[in-house]
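Visitor: One structure is given below, represented as structure tokens, and several questions about it will come after.
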Amino acid sequence: MIRADNISLSLGDREVLKDVSATFEPGQTNLIIGKSGSGKTVFMKCLVGLHEIDQGEIWYDDVLFSGLDFSAMKEIRKEMGMLFQGSALFDSMTVEENVRFPLDMFSDMSYGEKLDRVNFCLERVNIINSNRLFPSELSGGMKKRVAIARAIVLKPRYLFCDEPNSGLDPKTAILIDELIKEITVELNMTTIVNTHDMNSVMENGEKIIFIEDGQKCWEGNKNEILTSDCKILNDFVFANALAKQLRETSHQ
Amino acid sequence: MLKFLTGFGMYWMLLGKVFSKPEKSSIYYRQTMKELVNLGLRSIGIITIISFAMGAVITLQTAYNTENPIYPTYLIGLGCRDSIILEFSSTMVALILAGKVGSSIASEIGTMRVTEQIDALELMGVNSASYLILPKVIATLLFNPLLTLLSIFVGIIGGWIAGTSAGVITTQEYIYGIQYAFIPYYITYSLIKTLVFAFIIASISSYQGYYVEGGSLEVGRASTKAVVYSSVMILLFNVILTQLLLS
């Protein structure tokens, strides 16, 4: 479980997060939704310790993560996996080396054992016969899947995904969403996904937090989101013509 | 002034992170070997060409500017040797490497920063500063002295070929000149300067890349700053070290 209590953060003169609190349970996909620039990515980076918060507390189970120094933080970070918006694969390494990197760094496995684990993770994300390719030779969807393989190679307890289906076609985006949902259940991880893709919300939204202008405005699940009377949330959820039409139809 | 002091403080804090205990020494060893190839071996070509040309020019310039029967001809060889050992092969080569290696380091690390690869390393629990920068510092410290020695050798050969080809000096006179009143300490002086300059190039360029914010435009600017600041510091430390080591 991850708990954020009253998180505030300013970057320069701008207050990016204002008193945000949330709890994320294991074994389910937790979504953070909101417009571009609303503070979703900053909030996620605060949760993983890439931004130092001004106020508040972040708890990983019963450990106060936000109060730890770098070396203590490192121990919890070894239990985290993160899928970055741009995949963040290491350009100078092949697919296999990218996925093997956390094992090289933090495990005492033999080369053969590492290779087996890498191939298992790559097969799990449907990347086959691409071990020798470099990130520049992969499509956007493949990069995301390799990044997921790298994120889960150490069997993390916490998985963070920052806009996992941005820049992908709808079909590939659905595949990525399904993959995240499946591995969350398989590994019983606490998964947090930043998204503004409504399809992801309706597929994976077991718990949803809506952030607007650095503040948490709404919390619920995918069933409650359609019937919410929160105006800002409705403006976001039903922003496109198709969603508006569906809502009107369901009201009739 | 405040910006300068902040930058200075951040530079030393970064060095503190760089020289903290490595996570897994075998990985760092592998990285260092890669950097020796990238930053060292791949610089041999340019250093050879420039050193040869500079040795040739120094010999010809010395010859044409000392056309006086009072001066013995072998002094051309001596002048060429001392110019190359004392200044050219340490300072000039360092300035050239600041351009080649410095911009490469800053743009590589800067690109990793803006594409979140450094964040990915940090999130895995890896000390990104140490993992990325320490192998580069070690590689430049190990390889740049070799480049300096190569530069001295090639520069002197260049001077000999140019001098004898142009007919300004004979082989015997040139060899006598480069052996005349040779002070071995000059080589030590040159190598000490090279080590300091190598550290300046690797650390300042890494710092510029590591703290890039923004996109590709900022990476380009960081790369330029890396070259400019490294070059200025090399020139400054050249004066300081010359006073300290030769006075």
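By convention in this document, the chains of the structure tokens carry letters A, B, ... by their order, each chain's residues are numbered from 1, and ligands are numbered from 1 in the order they are shown.
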For Val126 of chain B, work out the shell of residues within 8 Å, counting only C-alpha atoms and skipping chain neighbours fewer than 6 positions away, then give it as number ranges by chain.
Guide: A: 74, 105; B: 23
Visitor: Can you write just those residues out, N, CA and C atoms, as a PDB file, in the first residue's frame?
Guide:
```pdb
ATOM      1  N   LYS A  74      16.967   4.015  -1.498  1.00  0.00           N
ATOM      2  CA  LYS A  74      17.402   3.054  -2.526  1.00  0.00           C
ATOM      3  C   LYS A  74      16.817   1.667  -2.287  1.00  0.00           C
ATOM      4  N   MET A 105      22.612  -5.116 -11.915  1.00  0.00           N
ATOM      5  CA  MET A 105      22.924  -4.156 -10.846  1.00  0.00           C
ATOM      6  C   MET A 105      22.627  -4.722  -9.457  1.00  0.00           C
TER       7      MET A 105
ATOM      8  N   GLU B  23      27.988   0.893  -6.677  1.00  0.00           N
ATOM      9  CA  GLU B  23      27.067  -0.202  -6.323  1.00  0.00           C
ATOM     10  C   GLU B  23      27.679  -1.575  -6.617  1.00  0.00           C
TER      11      GLU B  23
END
```
Visitor: As a VMD selection string, please: the residues near Ala202 of chain B (cut-off 7 Å, only C-alpha atoms, same-chain neighbours under 5 positions excluded).
Guide: chain B and resid 102 136 to 137 140
Visitor: Give me the residues of chain A that have any atom at most 8 Å from an atom of chain B; for each, the nearest atom pair and the distance in Å, rounded to one decimal. Use only C-alpha atoms, sort by chain and number, and format it as CSV.
Guide:
```
residue,atom,partner,partner_atom,distance
A:Val48,CA,B:Leu123,CA,7.1
A:Leu50,CA,B:Asp119,CA,7.1
A:Met73,CA,B:Gly125,CA,7.7
A:Lys74,CA,B:Gly125,CA,4.5
A:Glu75,CA,B:Gly125,CA,7.1
A:Arg77,CA,B:Gly125,CA,5.3
A:Lys78,CA,B:Met124,CA,5.6
A:Met80,CA,B:Met124,CA,7.0
A:Gly81,CA,B:Met124,CA,7.1
A:Met82,CA,B:Ala120,CA,7.4
A:Phe84,CA,B:Glu116,CA,7.4
A:Gly86,CA,B:Thr115,CA,6.8
A:Ala88,CA,B:Gln117,CA,4.8
A:Leu89,CA,B:Gln117,CA,6.5
A:Phe90,CA,B:Gln117,CA,6.3
A:Pro102,CA,B:Met124,CA,7.0
A:Asp104,CA,B:Ile27,CA,7.6
A:Met105,CA,B:Lys24,CA,6.4
```
Visitor: If we count only C-alpha atoms and set the cut-off at 10 Å, which residues sit around segment 160-176 of chain B, ignoring sequence neighbours fewer than 6 positions away in its own chain? Please answer as a count of residues only.
Guide: 23
Visitor: If we count only C-alpha atoms and set the cut-off at 10 Å, which residues sit around Asn144 of chain B, ignoring sequence neighbours fewer than 2 positions away in its own chain? Please answer as a VMD selection string.
Guide: chain B and resid 36 39 to 41 43 to 44 90 93 to 94 97 139 to 142 146 to 150 191 194 to 195 197 to 199
Visitor: Residues of the last selection are to be written out with C-alpha atoms, as an mmCIF file, in the first residue's frame.
Guide:
```cif
data_model
loop_
_atom_site.group_PDB
_atom_site.id
_atom_site.type_symbol
_atom_site.label_atom_id
_atom_site.label_comp_id
_atom_site.auth_asym_id
_atom_site.auth_seq_id
_atom_site.Cartn_x
_atom_site.Cartn_y
_atom_site.Cartn_z
ATOM 1 C CA LEU B 36 38.167 4.229 -22.676
ATOM 2 C CA LEU B 39 36.644 8.967 -25.109
ATOM 3 C CA GLY B 40 40.200 7.696 -25.503
ATOM 4 C CA LEU B 41 40.796 5.396 -28.454
ATOM 5 C CA SER B 43 40.507 10.545 -30.028
ATOM 6 C CA ILE B 44 43.767 9.073 -31.302
ATOM 7 C CA SER B 90 49.347 19.249 -22.709
ATOM 8 C CA VAL B 93 45.651 18.959 -26.798
ATOM 9 C CA ALA B 94 43.493 19.515 -23.697
ATOM 10 C CA LEU B 97 39.810 17.368 -26.243
ATOM 11 C CA ALA B 139 38.756 6.877 -18.518
ATOM 12 C CA THR B 140 39.972 10.407 -19.246
ATOM 13 C CA LEU B 141 42.437 10.322 -16.334
ATOM 14 C CA LEU B 142 43.866 7.046 -17.622
ATOM 15 C CA LEU B 146 48.751 8.464 -23.136
ATOM 16 C CA LEU B 147 47.334 10.906 -25.688
ATOM 17 C CA THR B 148 49.780 13.535 -24.450
ATOM 18 C CA LEU B 149 52.738 11.169 -24.844
ATOM 19 C CA LEU B 150 51.483 10.215 -28.305
ATOM 20 C CA LEU B 191 51.649 14.864 -17.551
ATOM 21 C CA THR B 194 47.265 16.673 -18.491
ATOM 22 C CA LEU B 195 45.783 14.885 -15.469
ATOM 23 C CA PHE B 197 42.970 19.121 -17.480
ATOM 24 C CA ALA B 198 41.454 15.648 -17.977
ATOM 25 C CA PHE B 199 39.600 15.972 -14.678
#
```
Visitor: Grab the atom CA of Leu103 of chain A to atom CA of Val118 of chain A distance for me, in Å with one decimal place.
Guide: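 According to the coordinates, atom CA of Leu103 of chain A and atom CA of Val118 of chain A are separated by 8.9 Å.
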Visitor: Find the residues near Glu163 of chain A: any atom within 10 Å, counting only C-alpha atoms, skip ones fewer than 3 places away on the same chain, and give them as a PyMOL selection string.
Guide: chain A and resi 32-33+40-41+83-87+160+166-167+193-197+200
